Every structure is written in C-alpha cells, then in structure tokens.
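Listing of entry.csv; format and content: CSV, C-alpha atoms.
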chain,number,residue,atom,x,y,z
L,70,MET,CA,-6.8,-39.8,9.5
L,71,LYS,CA,-4.9,-36.9,7.9
L,72,ASN,CA,-3.8,-34.0,10.0
L,73,PRO,CA,-5.8,-31.0,8.8
L,74,GLY,CA,-2.9,-28.6,9.8
L,75,ALA,CA,-0.4,-30.6,7.7
L,76,ALA,CA,-2.8,-30.5,4.7
L,77,GLU,CA,-3.2,-26.7,5.0
L,78,ASN,CA,0.6,-26.2,5.3
L,79,HIS,CA,1.1,-28.3,2.2
L,80,ARG,CA,-1.5,-26.3,0.3
L,81,LEU,CA,0.1,-23.0,1.3
L,82,VAL,CA,3.6,-24.2,0.3
L,83,THR,CA,2.2,-25.2,-3.1
L,84,LEU,CA,0.6,-21.8,-3.4
L,85,LEU,CA,3.9,-20.1,-2.5
L,86,GLN,CA,5.8,-22.2,-5.1
L,87,GLY,CA,3.4,-21.3,-7.8
L,88,ALA,CA,3.7,-17.6,-6.9
L,89,LEU,CA,7.5,-17.8,-7.0
L,90,VAL,CA,7.4,-19.5,-10.4
L,91,ARG,CA,5.2,-16.7,-11.8
L,92,GLU,CA,7.5,-14.1,-10.2
L,93,ALA,CA,10.6,-15.6,-11.6
L,94,ARG,CA,9.1,-15.7,-15.1
L,95,LEU,CA,7.5,-12.2,-15.2
L,96,TRP,CA,9.3,-10.0,-12.7
L,97,LYS,CA,11.0,-7.0,-14.4
L,98,VAL,CA,11.9,-3.5,-13.1
L,99,PRO,CA,13.1,-0.4,-15.0
L,100,VAL,CA,16.8,0.1,-15.1
L,101,PHE,CA,18.0,3.6,-14.2
L,102,LYS,CA,21.4,5.0,-15.2
L,103,ASN,CA,22.5,8.5,-14.2
L,104,GLY,CA,19.1,9.1,-12.6
L,105,CYS,CA,17.1,8.4,-15.8
L,106,LEU,CA,15.4,5.3,-17.2
L,107,GLN,CA,17.7,3.5,-19.6
L,108,GLY,CA,17.0,4.6,-23.1
L,109,ALA,CA,14.4,7.2,-22.1
L,110,ASP,CA,14.2,10.7,-20.5
L,111,ILE,CA,12.1,9.5,-17.5
L,112,SER,CA,13.8,10.3,-14.2
L,113,SER,CA,13.6,8.1,-11.1
L,114,SER,CA,11.8,10.9,-9.3
L,115,GLN,CA,9.2,11.1,-12.1
L,116,HIS,CA,8.7,7.3,-11.9
L,117,GLN,CA,8.4,7.5,-8.1
L,118,GLU,CA,5.9,10.4,-8.3
L,119,MET,CA,3.8,8.3,-10.7
L,120,ILE,CA,3.7,5.3,-8.3
L,121,LEU,CA,2.6,7.6,-5.5
L,122,TRP,CA,-0.1,9.1,-7.9
L,123,LEU,CA,-1.3,5.6,-8.6
L,124,GLY,CA,-1.8,5.1,-4.9
L,125,GLU,CA,-3.9,8.3,-4.7
L,126,MET,CA,-6.0,7.0,-7.7
L,127,CYS,CA,-6.5,3.7,-5.9
L,128,ARG,CA,-7.8,5.4,-2.8
L,129,LEU,CA,-10.0,7.7,-5.0
L,130,PHE,CA,-11.5,4.7,-6.9
L,131,GLN,CA,-11.6,2.5,-3.7
L,132,PHE,CA,-9.6,-0.2,-5.3
L,133,CYS,CA,-8.0,-2.9,-3.2
L,134,PRO,CA,-4.2,-3.0,-2.4
L,135,GLU,CA,-3.8,-5.9,-4.8
L,136,THR,CA,-4.9,-3.7,-7.7
L,137,PHE,CA,-2.4,-1.0,-6.8
L,138,ALA,CA,0.4,-3.6,-6.5
L,139,LEU,CA,-0.5,-5.3,-9.8
L,140,GLY,CA,-0.8,-1.9,-11.6
L,141,VAL,CA,2.7,-0.9,-10.4
L,142,CYS,CA,4.1,-4.3,-11.6
L,143,VAL,CA,2.4,-3.9,-15.0
L,144,LEU,CA,3.8,-0.3,-15.3
L,145,ASN,CA,7.4,-1.5,-14.4
L,146,ARG,CA,7.3,-4.4,-16.8
L,147,LEU,CA,6.2,-2.2,-19.6
L,148,LEU,CA,8.9,0.5,-18.8
L,149,SER,CA,11.5,-2.2,-18.8
L,150,SER,CA,10.4,-3.4,-22.2
L,151,VAL,CA,9.9,-0.2,-24.2
L,152,LYS,CA,11.4,3.2,-24.5
L,153,ALA,CA,8.6,5.4,-23.3
L,154,GLN,CA,8.4,9.1,-23.6
L,155,PRO,CA,7.8,11.2,-20.5
L,156,LYS,CA,4.6,12.8,-22.0
L,157,TYR,CA,3.0,9.3,-22.1
L,158,LEU,CA,4.0,8.2,-18.6
L,159,LYS,CA,0.8,9.2,-16.8
L,160,CYS,CA,-1.3,7.6,-19.5
L,161,ILE,CA,0.7,4.4,-19.3
L,162,ALA,CA,0.4,4.4,-15.5
L,163,PHE,CA,-3.3,5.1,-15.5
L,164,THR,CA,-3.9,2.4,-18.1
L,165,SER,CA,-1.8,-0.1,-16.1
L,166,LEU,CA,-4.0,0.5,-13.1
L,167,ILE,CA,-7.2,0.1,-15.2
L,168,LEU,CA,-5.9,-3.2,-16.5
L,169,ALA,CA,-5.1,-4.4,-13.0
L,170,ALA,CA,-8.6,-3.3,-11.8
L,171,LYS,CA,-10.2,-5.4,-14.6
L,172,ILE,CA,-8.3,-8.4,-13.2
L,173,ASN,CA,-8.9,-7.8,-9.5
L,174,GLU,CA,-12.0,-5.7,-9.0
L,175,GLU,CA,-15.7,-6.4,-9.4
L,176,ASP,CA,-17.4,-4.7,-12.4
L,177,GLU,CA,-19.6,-2.5,-10.2
L,178,VAL,CA,-16.4,-1.2,-8.4
L,179,ILE,CA,-14.6,-0.3,-11.6
L,180,GLY,CA,-17.4,1.5,-13.4
L,181,SER,CA,-16.7,2.8,-16.9
L,182,VAL,CA,-13.3,4.0,-18.2
L,183,LYS,CA,-14.9,7.4,-19.0
L,184,ASP,CA,-16.1,7.8,-15.4
L,185,LEU,CA,-12.7,6.9,-14.0
L,186,VAL,CA,-11.0,9.4,-16.3
L,187,VAL,CA,-13.3,12.1,-15.2
L,188,GLN,CA,-12.8,11.2,-11.5
L,189,SER,CA,-9.0,11.3,-11.9
L,190,GLY,CA,-9.0,14.8,-13.3
L,191,CYS,CA,-6.9,13.7,-16.3
L,192,ASN,CA,-7.6,14.9,-19.8
L,193,PHE,CA,-7.3,11.5,-21.5
L,194,SER,CA,-9.9,10.4,-23.9
L,195,THR,CA,-11.5,7.0,-23.8
L,196,ALA,CA,-9.9,6.2,-27.2
L,197,GLU,CA,-6.4,7.0,-25.8
L,198,ILE,CA,-6.9,4.6,-22.9
L,199,LEU,CA,-8.2,1.8,-25.1
L,200,ARG,CA,-5.3,2.4,-27.5
L,201,MET,CA,-2.8,2.2,-24.6
L,202,GLU,CA,-4.5,-0.9,-23.3
L,203,ARG,CA,-3.8,-2.6,-26.6
L,204,ILE,CA,-0.2,-1.5,-26.6
L,205,ILE,CA,0.4,-2.8,-23.1
L,206,LEU,CA,-1.3,-6.1,-23.7
L,207,ASP,CA,0.6,-6.6,-27.0
L,208,LYS,CA,4.0,-5.8,-25.4
L,209,LEU,CA,3.4,-8.0,-22.4
L,210,HIS,CA,1.9,-10.8,-24.5
L,211,TRP,CA,-1.5,-10.6,-22.7
L,212,ASP,CA,0.2,-12.1,-19.7
L,213,LEU,CA,-0.5,-9.5,-17.0
L,214,TYR,CA,-1.0,-11.4,-13.8
L,215,MET,CA,2.1,-12.0,-11.7
L,216,ALA,CA,2.6,-12.5,-8.0
L,217,THR,CA,3.0,-9.0,-6.4
L,218,PRO,CA,4.5,-8.0,-3.1
L,219,VAL,CA,1.0,-7.8,-1.7
L,220,ASP,CA,0.2,-11.3,-2.8
L,221,PHE,CA,3.3,-12.6,-0.9
L,222,ILE,CA,2.3,-10.7,2.2
L,223,HIS,CA,-1.0,-12.6,2.2
L,224,ILE,CA,0.7,-16.0,1.5
L,225,PHE,CA,3.4,-15.5,4.2
L,226,HIS,CA,0.7,-14.3,6.7
L,227,ALA,CA,-1.4,-17.4,6.0
L,228,MET,CA,1.7,-19.6,6.5
L,229,LEU,CA,2.5,-18.0,9.8
L,230,VAL,CA,-1.1,-18.3,11.1
L,231,SER,CA,-1.2,-22.0,10.0
L,232,GLY,CA,2.2,-23.0,11.1
L,233,HIS,CA,2.5,-20.9,14.2
L,234,PRO,CA,-0.9,-20.5,15.8
L,235,HIS,CA,0.6,-19.0,19.0
L,236,LEU,CA,1.1,-15.8,17.0
L,237,ILE,CA,-2.6,-15.3,16.2
L,238,PRO,CA,-3.8,-12.2,18.1
L,239,SER,CA,-7.0,-13.9,19.3
L,240,ILE,CA,-5.1,-16.6,21.1
L,241,GLY,CA,-2.6,-14.2,22.6
L,242,LEU,CA,1.1,-13.5,22.5
L,243,VAL,CA,3.8,-13.0,25.0
L,244,SER,CA,6.0,-10.3,23.6
L,245,VAL,CA,8.2,-7.5,24.5
L,246,PRO,CA,6.5,-4.1,25.2
L,247,GLN,CA,5.7,-2.3,22.0
L,248,LYS,CA,3.7,0.6,20.7
L,249,ARG,CA,1.6,-1.4,18.3
L,250,PRO,CA,-0.9,-4.0,19.6
L,251,PRO,CA,0.5,-7.5,19.4
L,252,GLY,CA,-0.3,-10.0,16.7
L,253,LEU,CA,0.3,-10.6,13.0
L,254,GLN,CA,-0.9,-7.4,11.4
L,255,ALA,CA,-1.4,-8.2,7.7
L,256,ALA,CA,-3.1,-4.8,7.1
L,257,LEU,CA,-0.1,-3.0,8.5
L,258,TRP,CA,2.3,-5.1,6.4
L,259,THR,CA,0.2,-4.4,3.3
L,260,ARG,CA,0.4,-0.7,3.9
L,261,GLN,CA,4.1,-0.8,4.4
L,262,VAL,CA,4.8,-2.8,1.3
L,263,GLN,CA,2.7,-0.3,-0.7
L,264,HIS,CA,5.0,2.5,0.5
L,265,CYS,CA,8.1,0.5,-0.2
L,266,MET,CA,7.0,0.0,-3.8
L,267,ALA,CA,7.4,3.7,-4.3
L,268,CYS,CA,11.0,3.7,-3.1
L,269,HIS,CA,13.5,3.5,-6.0
L,270,GLN,CA,16.2,1.9,-3.8
L,271,LEU,CA,13.8,-1.1,-3.2
L,272,TRP,CA,12.9,-1.6,-6.9
L,273,GLN,CA,15.9,-4.0,-7.2
L,274,PHE,CA,14.3,-6.6,-5.0
L,275,LYS,CA,11.6,-9.0,-5.9
L,276,GLY,CA,8.2,-8.9,-4.3
L,277,SER,CA,8.8,-12.1,-2.3
L,278,THR,CA,12.0,-10.7,-0.8
L,279,LEU,CA,10.5,-7.3,0.0
L,280,ALA,CA,7.4,-8.9,1.6
L,281,LEU,CA,9.5,-11.2,3.8
L,282,ALA,CA,11.8,-8.4,4.9
L,283,ILE,CA,8.8,-6.3,6.1
L,284,ILE,CA,7.3,-9.3,8.0
L,285,THR,CA,10.6,-10.2,9.6
L,286,LEU,CA,11.1,-6.7,10.9
L,287,GLU,CA,7.7,-7.1,12.7
L,288,LEU,CA,8.4,-10.6,13.9
L,289,GLU,CA,11.5,-9.4,15.7
L,290,SER,CA,9.3,-7.3,17.9
L,291,LEU,CA,6.5,-9.8,18.3
L,292,THR,CA,8.3,-12.9,19.5
L,293,PRO,CA,11.6,-14.0,21.0
L,294,ASP,CA,11.5,-17.0,18.8
L,295,TRP,CA,11.4,-14.9,15.6
L,296,PHE,CA,14.6,-16.4,14.1
L,297,SER,CA,13.3,-19.9,13.8
L,298,VAL,CA,10.0,-18.7,12.3
L,299,PHE,CA,11.9,-16.4,9.9
L,300,THR,CA,14.4,-19.1,8.7
L,301,ASP,CA,11.5,-21.5,8.0
L,302,LEU,CA,9.9,-18.9,5.7
L,303,LEU,CA,13.2,-18.0,4.1
L,304,LYS,CA,13.9,-21.6,3.2
L,305,LYS,CA,10.4,-22.2,1.8
L,306,ALA,CA,10.6,-18.9,-0.2
L,307,GLN,CA,14.1,-19.9,-1.6
L,308,ILE,CA,15.4,-16.4,-1.1
L,309,ASN,CA,19.1,-15.7,-1.1
L,310,SER,CA,20.1,-14.8,2.4
L,311,ALA,CA,22.7,-12.1,1.5
L,312,GLU,CA,20.1,-10.4,-0.8
L,313,PHE,CA,17.5,-10.7,1.9
L,314,ILE,CA,19.7,-9.0,4.6
L,315,HIS,CA,20.5,-6.1,2.3
L,316,CYS,CA,16.8,-5.7,1.5
L,317,LYS,CA,15.8,-5.9,5.2
L,318,GLU,CA,18.3,-3.2,6.1
L,319,LEU,CA,17.1,-0.8,3.4
L,320,VAL,CA,13.4,-1.5,4.3
L,321,ASP,CA,14.1,-0.8,8.0
L,322,GLU,CA,15.8,2.5,7.1
L,323,TYR,CA,13.1,3.5,4.7
L,324,LEU,CA,10.2,2.7,7.0
L,325,HIS,CA,11.8,4.6,9.8
L,326,SER,CA,12.1,7.7,7.6
L,327,LEU,CA,8.4,7.6,6.8
L,328,GLU,CA,5.6,9.1,8.8
L,329,PHE,CA,2.8,7.4,6.9
L,330,SER,CA,0.8,6.4,10.0
L,331,LEU,CA,0.5,7.4,13.6
L,332,PRO,CA,0.8,5.0,16.5
L,333,ALA,CA,-2.3,3.9,18.4
L,334,ASN,CA,-1.4,6.2,21.3
L,335,ALA,CA,-0.8,9.3,19.2
L,336,ILE,CA,-0.6,12.6,21.2
L,337,TYR,CA,-2.5,15.6,19.8
L,338,ILE,CA,-1.6,19.2,20.6
L,339,PHE,CA,-4.1,22.0,21.0
L,340,ASP,CA,-3.3,24.9,18.8
L,341,SER,CA,-5.0,28.0,20.3
L,342,SER,CA,-3.8,30.2,17.5
L,343,GLN,CA,-6.5,28.8,15.2
L,344,ILE,CA,-9.4,29.4,17.6
L,345,GLN,CA,-12.0,31.9,16.5
L,346,GLU,CA,-13.2,34.5,19.0
L,347,ASP,CA,-16.8,33.9,18.2
L,348,SER,CA,-17.7,30.3,19.0
L,349,ASP,CA,-21.4,30.5,18.6
L,350,GLU,CA,-21.2,28.2,15.6
L,351,TYR,CA,-20.0,25.4,17.8
L,352,TYR,CA,-22.9,25.9,20.2
L,353,ASP,CA,-25.3,25.8,17.2
L,354,GLY,CA,-23.7,22.6,16.1
L,355,PHE,CA,-24.2,21.0,19.5
L,356,ARG,CA,-27.8,22.1,19.6
L,357,CYS,CA,-28.5,20.7,16.1
L,358,LEU,CA,-26.7,17.5,16.9
L,359,TYR,CA,-28.6,16.8,20.1
L,360,LYS,CA,-31.8,18.5,18.9
L,361,ASP,CA,-31.6,21.0,21.8
L,362,GLU,CA,-33.7,23.4,19.9
L,363,GLU,CA,-36.7,21.5,21.3
L,364,MET,CA,-35.6,22.5,24.8
L,365,ASN,CA,-37.1,25.5,26.5
L,366,PRO,CA,-35.0,28.7,26.3
L,367,GLY,CA,-34.1,28.7,30.0
L,368,LYS,CA,-32.9,25.1,30.0
L,369,GLU,CA,-30.9,25.7,26.8
L,370,GLU,CA,-29.2,28.8,28.2
L,371,ASN,CA,-28.2,26.9,31.4
L,372,CYS,CA,-26.9,24.0,29.2
L,373,VAL,CA,-24.7,26.3,27.1
L,374,LYS,CA,-23.6,28.2,30.2
L,375,GLY,CA,-22.5,25.0,31.9
L,376,LEU,CA,-20.6,23.9,28.9
L,377,VAL,CA,-18.7,27.2,28.7
L,378,GLU,CA,-17.9,27.1,32.4
L,379,THR,CA,-16.3,23.7,32.2
L,380,GLN,CA,-13.8,25.0,29.7
L,381,PRO,CA,-10.9,27.4,30.2
L,382,LYS,CA,-11.7,30.9,29.0
L,383,ASP,CA,-9.5,30.8,25.9
L,384,VAL,CA,-10.4,27.3,24.8
L,385,SER,CA,-13.2,26.4,22.4
L,386,PRO,CA,-15.2,23.2,23.1
L,387,CYS,CA,-14.2,22.0,19.6
L,388,PRO,CA,-10.5,23.0,19.3
L,389,PRO,CA,-8.6,22.2,16.1
L,390,LEU,CA,-6.1,19.5,16.7
L,391,HIS,CA,-2.9,18.5,14.9
L,392,PRO,CA,-0.7,15.4,15.5
L,393,ALA,CA,2.6,15.9,17.4
L,394,VAL,CA,4.7,14.8,14.5
L,395,ASN,CA,8.3,16.1,14.0

Write out the structure in this file as structure tokens.
Amino acid sequence: MKNPGAAENHRLVTLLQGALVREARLWKVPVFKNGCLQGADISSSQHQEMILWLGEMCRLFQFCPETFALGVCVLNRLLSSVKAQPKYLKCIAFTSLILAAKINEEDEVIGSVKDLVVQSGCNFSTAEILRMERIILDKLHWDLYMATPVDFIHIFHAMLVSGHPHLIPSIGLVSVPQKRPPGLQAALWTRQVQHCMACHQLWQFKGSTLALAIITLELESLTPDWFSVFTDLLKKAQINSAEFIHCKELVDEYLHSLEFSLPANAIYIFDSSQIQEDSDEYYDGFRCLYKDEEMNPGKEENCVKGLVETQPKDVSPCPPLHPAVN
C-alpha cells in the first residue's frame, strides 16, 4: 500500500517543477537605467506607483491576490518587450489587470469592461481597452499565464504542511515568543509578497526566490528547526543560494520599513482633541441600536445617566481612536 503522504509530496514537487519551468520561460522584468525604463521615459517611481494603483483596483473590484500578481507580471513582461510611452502606462496597467482577471476570476466577479472602467474612475473607452488587449496579447504571443510569486507562496505552503505537519497551527507548535500567532500564515505571506512586488529593489528576483525569502523569514521565528526545513525547500526550488541570501536581506529590510499591517495586540490611543462637546448624537445612536425608544422616558433617562456617570467627564462613550504607529 502506497504512503498517501509520499504521493502528496510527489504531486507537489511535480507542481513546483512545472511552475519553475513556466517561470524560467516567461519571467521578465523592466530594466531601469538612470532611474528610467530603458528606451522609454517611464521612471521607476511611476512604475511603482502604477503597481500600487493596481493593488487599489484589485481591492475595489474584489479580485483575488492571484489576479493582482498575474496583472503585475503581464505589465512587467510587456514593458520589458516594448518601448511604452508614459501617457499609455495606466491604460497598459489597467488592461493587464483585466486580462489577468479573465484568467483567474469568475465571470460574475469581473462584470463588464465598461463597468470596471467606470468604477476605476479612469477615462478610458471600452474601445481603447479592447485595442490594448490585442496589443498585449500580440506582443506576449497569447501566452499570459506564468507562475507568479503568489502561486509560489501557495505551493511552498502546501509543501510545508504536507512535509512538516508539526507546523500546522491546528496541531500546535512549540516556538519562541512572538507577536503574531504561531503557525504557517499563508494569508500573511501573500500580503507581504504583494507589497514586495511594488518595491523596485526586489524586481530583480524571480517570484520563486521572493516567495521563499518571505517564508524563510517567518520560519526563523516559528521553529528552531527552520534551517533544515528551509534547505529542503531551497533544494527543491533549485534557487541559487547567494541570490537567495541577497533577496532575503532586502526583503527583511523592506518589510521592516513598512507599516502595512498592525500586530494582533495593537494599542489604540484616545485623542480627546477630536471630541465634540455635544455628544447627544452618540446617545441617539445607542437608543436606535438597542431600540431604547420603546422604553419609558424615566427608564431611558436613567439609562443614559448611568452611561454618562461611568465615563470621565471629558470622554465620550464613542471616542475616535487612532493606532499608535510611529
């Protein structure tokens, strides 16, 4: 009888090898010299802003992270193949995202191109988007799908869960004290890799290298046996160790510079300067929420009075809060 674990590991290794083959064949990134795209007037900051904008569009359209990652890859492949003018950059980026959505998203999620344009606030016409679609498909030989950093996050995560079940959160994990809850957090890694895809210093690394660097940084804090787990993945992914170390150092530095998410035990500070003197609207809100208008006047008055007496004089029961972020 075959070991089901061994069969699953073999399937995942085959999946990884297929993704690496597609990446090696299709992976391209724009080359920047003196701060501008080679052969064009598009700056690295403009390119980065466009990737961040694509992230905003994905959230607006409720697209999945895989769509964002593929859209960025399509954009980068096109910019590395043609000399694009800055005035067409947003249209190229938007169309790259639409093409990625047609591959990854359900039809009911995508909607019509016209509706997406209206939602985005852009002034493109449907004809312009369709024309740009034909240009991108022609330049990329209708071969759009490649393995993205998000795809590698999922593959590596599945390999870790299959090959190292002691790391599964539901089973438990003995680890050093940490701010984040223990376990393999694929959602966190996906969020991190999306941010890294907007960093021009990290464009030089393939998606497989970037994904493994992010995961390894997390493994270091999750388990004392992280090195053996990491080397197993590094070998299977066929990644150059020197290149990986460089990528990991840059990723660590970049993620520490970001404040893209708050820890689970975030501290909020009360800002009394934003409190309005008249807080009747808050009381009205409580009454509506709990349907206190059905209470008799005396009981309602005592309820509000008790609420006020439990709070300091200068504090509203619904104070505005802001995170304690430097």

One-decimal distance in Å that lies between atom CA of Ala138 of chain L and atom CA of Leu84 of chain L: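 Going from atom CA of Leu84 of chain L over to atom CA of Ala138 of chain L covers 18.5 Å.
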
From L:Leu279, L:Ala306, L:Val178, L:Leu209, residue lying nearest Val90 of chain L [all atoms listed in the file]: L:Ala306

One-decimal distance in Å that lies between atom CA of Asn309 of chain L and atom CA of Ile120 of chain L: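 If I compute the distance from atom CA of Ile120 of chain L to atom CA of Asn309 of chain L, I get 27.0 Å.
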
Selection near Leu81 of chain L, 9 Å with all atoms listed in the file, sequence-local residues under 2 positions removed, as a ChimeraX atom specification: /L:76-79,83-86,224-225,227-228,231

Write out as an mmCIF file with C-alpha atoms, keeping the file's coordinate frame each polymer residue whose atoms come within 12 Å of Gly276 of chain L, counting all atoms listed in the file; drop sequence neighbours fewer than 6 positions from it.
data_model
loop_
_atom_site.group_PDB
_atom_site.id
_atom_site.type_symbol
_atom_site.label_atom_id
_atom_site.label_comp_id
_atom_site.auth_asym_id
_atom_site.auth_seq_id
_atom_site.Cartn_x
_atom_site.Cartn_y
_atom_site.Cartn_z
ATOM 1 C CA ALA L 88 3.700 -17.600 -6.900
ATOM 2 C CA LEU L 89 7.500 -17.800 -7.000
ATOM 3 C CA ARG L 91 5.200 -16.700 -11.800
ATOM 4 C CA GLU L 92 7.500 -14.100 -10.200
ATOM 5 C CA ALA L 93 10.600 -15.600 -11.600
ATOM 6 C CA LEU L 95 7.500 -12.200 -15.200
ATOM 7 C CA TRP L 96 9.300 -10.000 -12.700
ATOM 8 C CA LYS L 97 11.000 -7.000 -14.400
ATOM 9 C CA VAL L 98 11.900 -3.500 -13.100
ATOM 10 C CA ALA L 138 0.400 -3.600 -6.500
ATOM 11 C CA LEU L 139 -0.500 -5.300 -9.800
ATOM 12 C CA VAL L 141 2.700 -0.900 -10.400
ATOM 13 C CA CYS L 142 4.100 -4.300 -11.600
ATOM 14 C CA MET L 215 2.100 -12.000 -11.700
ATOM 15 C CA ALA L 216 2.600 -12.500 -8.000
ATOM 16 C CA THR L 217 3.000 -9.000 -6.400
ATOM 17 C CA PRO L 218 4.500 -8.000 -3.100
ATOM 18 C CA VAL L 219 1.000 -7.800 -1.700
ATOM 19 C CA ASP L 220 0.200 -11.300 -2.800
ATOM 20 C CA PHE L 221 3.300 -12.600 -0.900
ATOM 21 C CA ILE L 222 2.300 -10.700 2.200
ATOM 22 C CA HIS L 223 -1.000 -12.600 2.200
ATOM 23 C CA ILE L 224 0.700 -16.000 1.500
ATOM 24 C CA PHE L 225 3.400 -15.500 4.200
ATOM 25 C CA THR L 259 0.200 -4.400 3.300
ATOM 26 C CA VAL L 262 4.800 -2.800 1.300
ATOM 27 C CA GLN L 263 2.700 -0.300 -0.700
ATOM 28 C CA CYS L 265 8.100 0.500 -0.200
ATOM 29 C CA MET L 266 7.000 0.000 -3.800
ATOM 30 C CA ALA L 282 11.800 -8.400 4.900
ATOM 31 C CA ILE L 283 8.800 -6.300 6.100
ATOM 32 C CA ALA L 306 10.600 -18.900 -0.200
ATOM 33 C CA ILE L 308 15.400 -16.400 -1.100
ATOM 34 C CA PHE L 313 17.500 -10.700 1.900
ATOM 35 C CA CYS L 316 16.800 -5.700 1.500
#

Atomic distance atom CA of Thr292 of chain L - atom CA of Gln270 of chain L, expressed in Å with one decimal: 28.7 Å

Residue with smallest distance to Gln131 of chain L - pool L:Asp212, L:Thr278, L:Leu158, L:Gln188, counting all atoms listed in the file: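 The shortest atom-to-atom distance to Gln131 of chain L comes from L:Gln188.
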
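Of the listed residues L:Leu129, L:Leu288, L:Val230, L:Leu148, the one whose atoms come nearest to Thr300 of chain L is L:Leu288, with distances taken using all atoms listed in the file.
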
Gly108 of chain L surroundings by all atoms listed in the file, 12 Å radius, close-in-sequence under 4 positions cut, as a list of chain:residue names: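 My list of contacting residues is L:Pro99, L:Val100, L:Phe101, L:Lys102, L:Asn103, L:Gly104, L:Ser112, L:Leu148, L:Ser149, L:Ser150, L:Val151, L:Lys152, L:Ala153, L:Gln154, L:Pro155.
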
Residue among L:Leu144, L:Ile161, L:Val82, L:Leu166 lying closest to Lys304 of chain L, counting only C-alpha atoms: L:Val82

Contacts of segment 193-208 of chain L at 8 Å or less, counting all atoms listed in the file, minus same-chain residues fewer than 5 places along, as an mmCIF file with C-alpha atoms, in the coordinates of the input?
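That gives us around_22.cif:
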data_model
loop_
_atom_site.group_PDB
_atom_site.id
_atom_site.type_symbol
_atom_site.label_atom_id
_atom_site.label_comp_id
_atom_site.auth_asym_id
_atom_site.auth_seq_id
_atom_site.Cartn_x
_atom_site.Cartn_y
_atom_site.Cartn_z
ATOM 1 C CA LEU L 147 6.200 -2.200 -19.600
ATOM 2 C CA SER L 150 10.400 -3.400 -22.200
ATOM 3 C CA CYS L 160 -1.300 7.600 -19.500
ATOM 4 C CA ILE L 161 0.700 4.400 -19.300
ATOM 5 C CA THR L 164 -3.900 2.400 -18.100
ATOM 6 C CA SER L 165 -1.800 -0.100 -16.100
ATOM 7 C CA LEU L 168 -5.900 -3.200 -16.500
ATOM 8 C CA VAL L 182 -13.300 4.000 -18.200
ATOM 9 C CA LYS L 183 -14.900 7.400 -19.000
ATOM 10 C CA VAL L 186 -11.000 9.400 -16.300
ATOM 11 C CA LEU L 213 -0.500 -9.500 -17.000
#

Nearest residue to Cys127 of chain L from the set L:Ala169, L:Leu327, L:Leu106, L:Val143 (distances using all atoms listed in the file):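 Looking only at the distances to Cys127 of chain L, the closest residue turns out to be L:Ala169.
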
Which of L:His116, L:Lys317, L:Arg260, L:His325 sits closest to Pro134 of chain L [using only C-alpha atoms]: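 The closest residue to Pro134 of chain L is L:Arg260.
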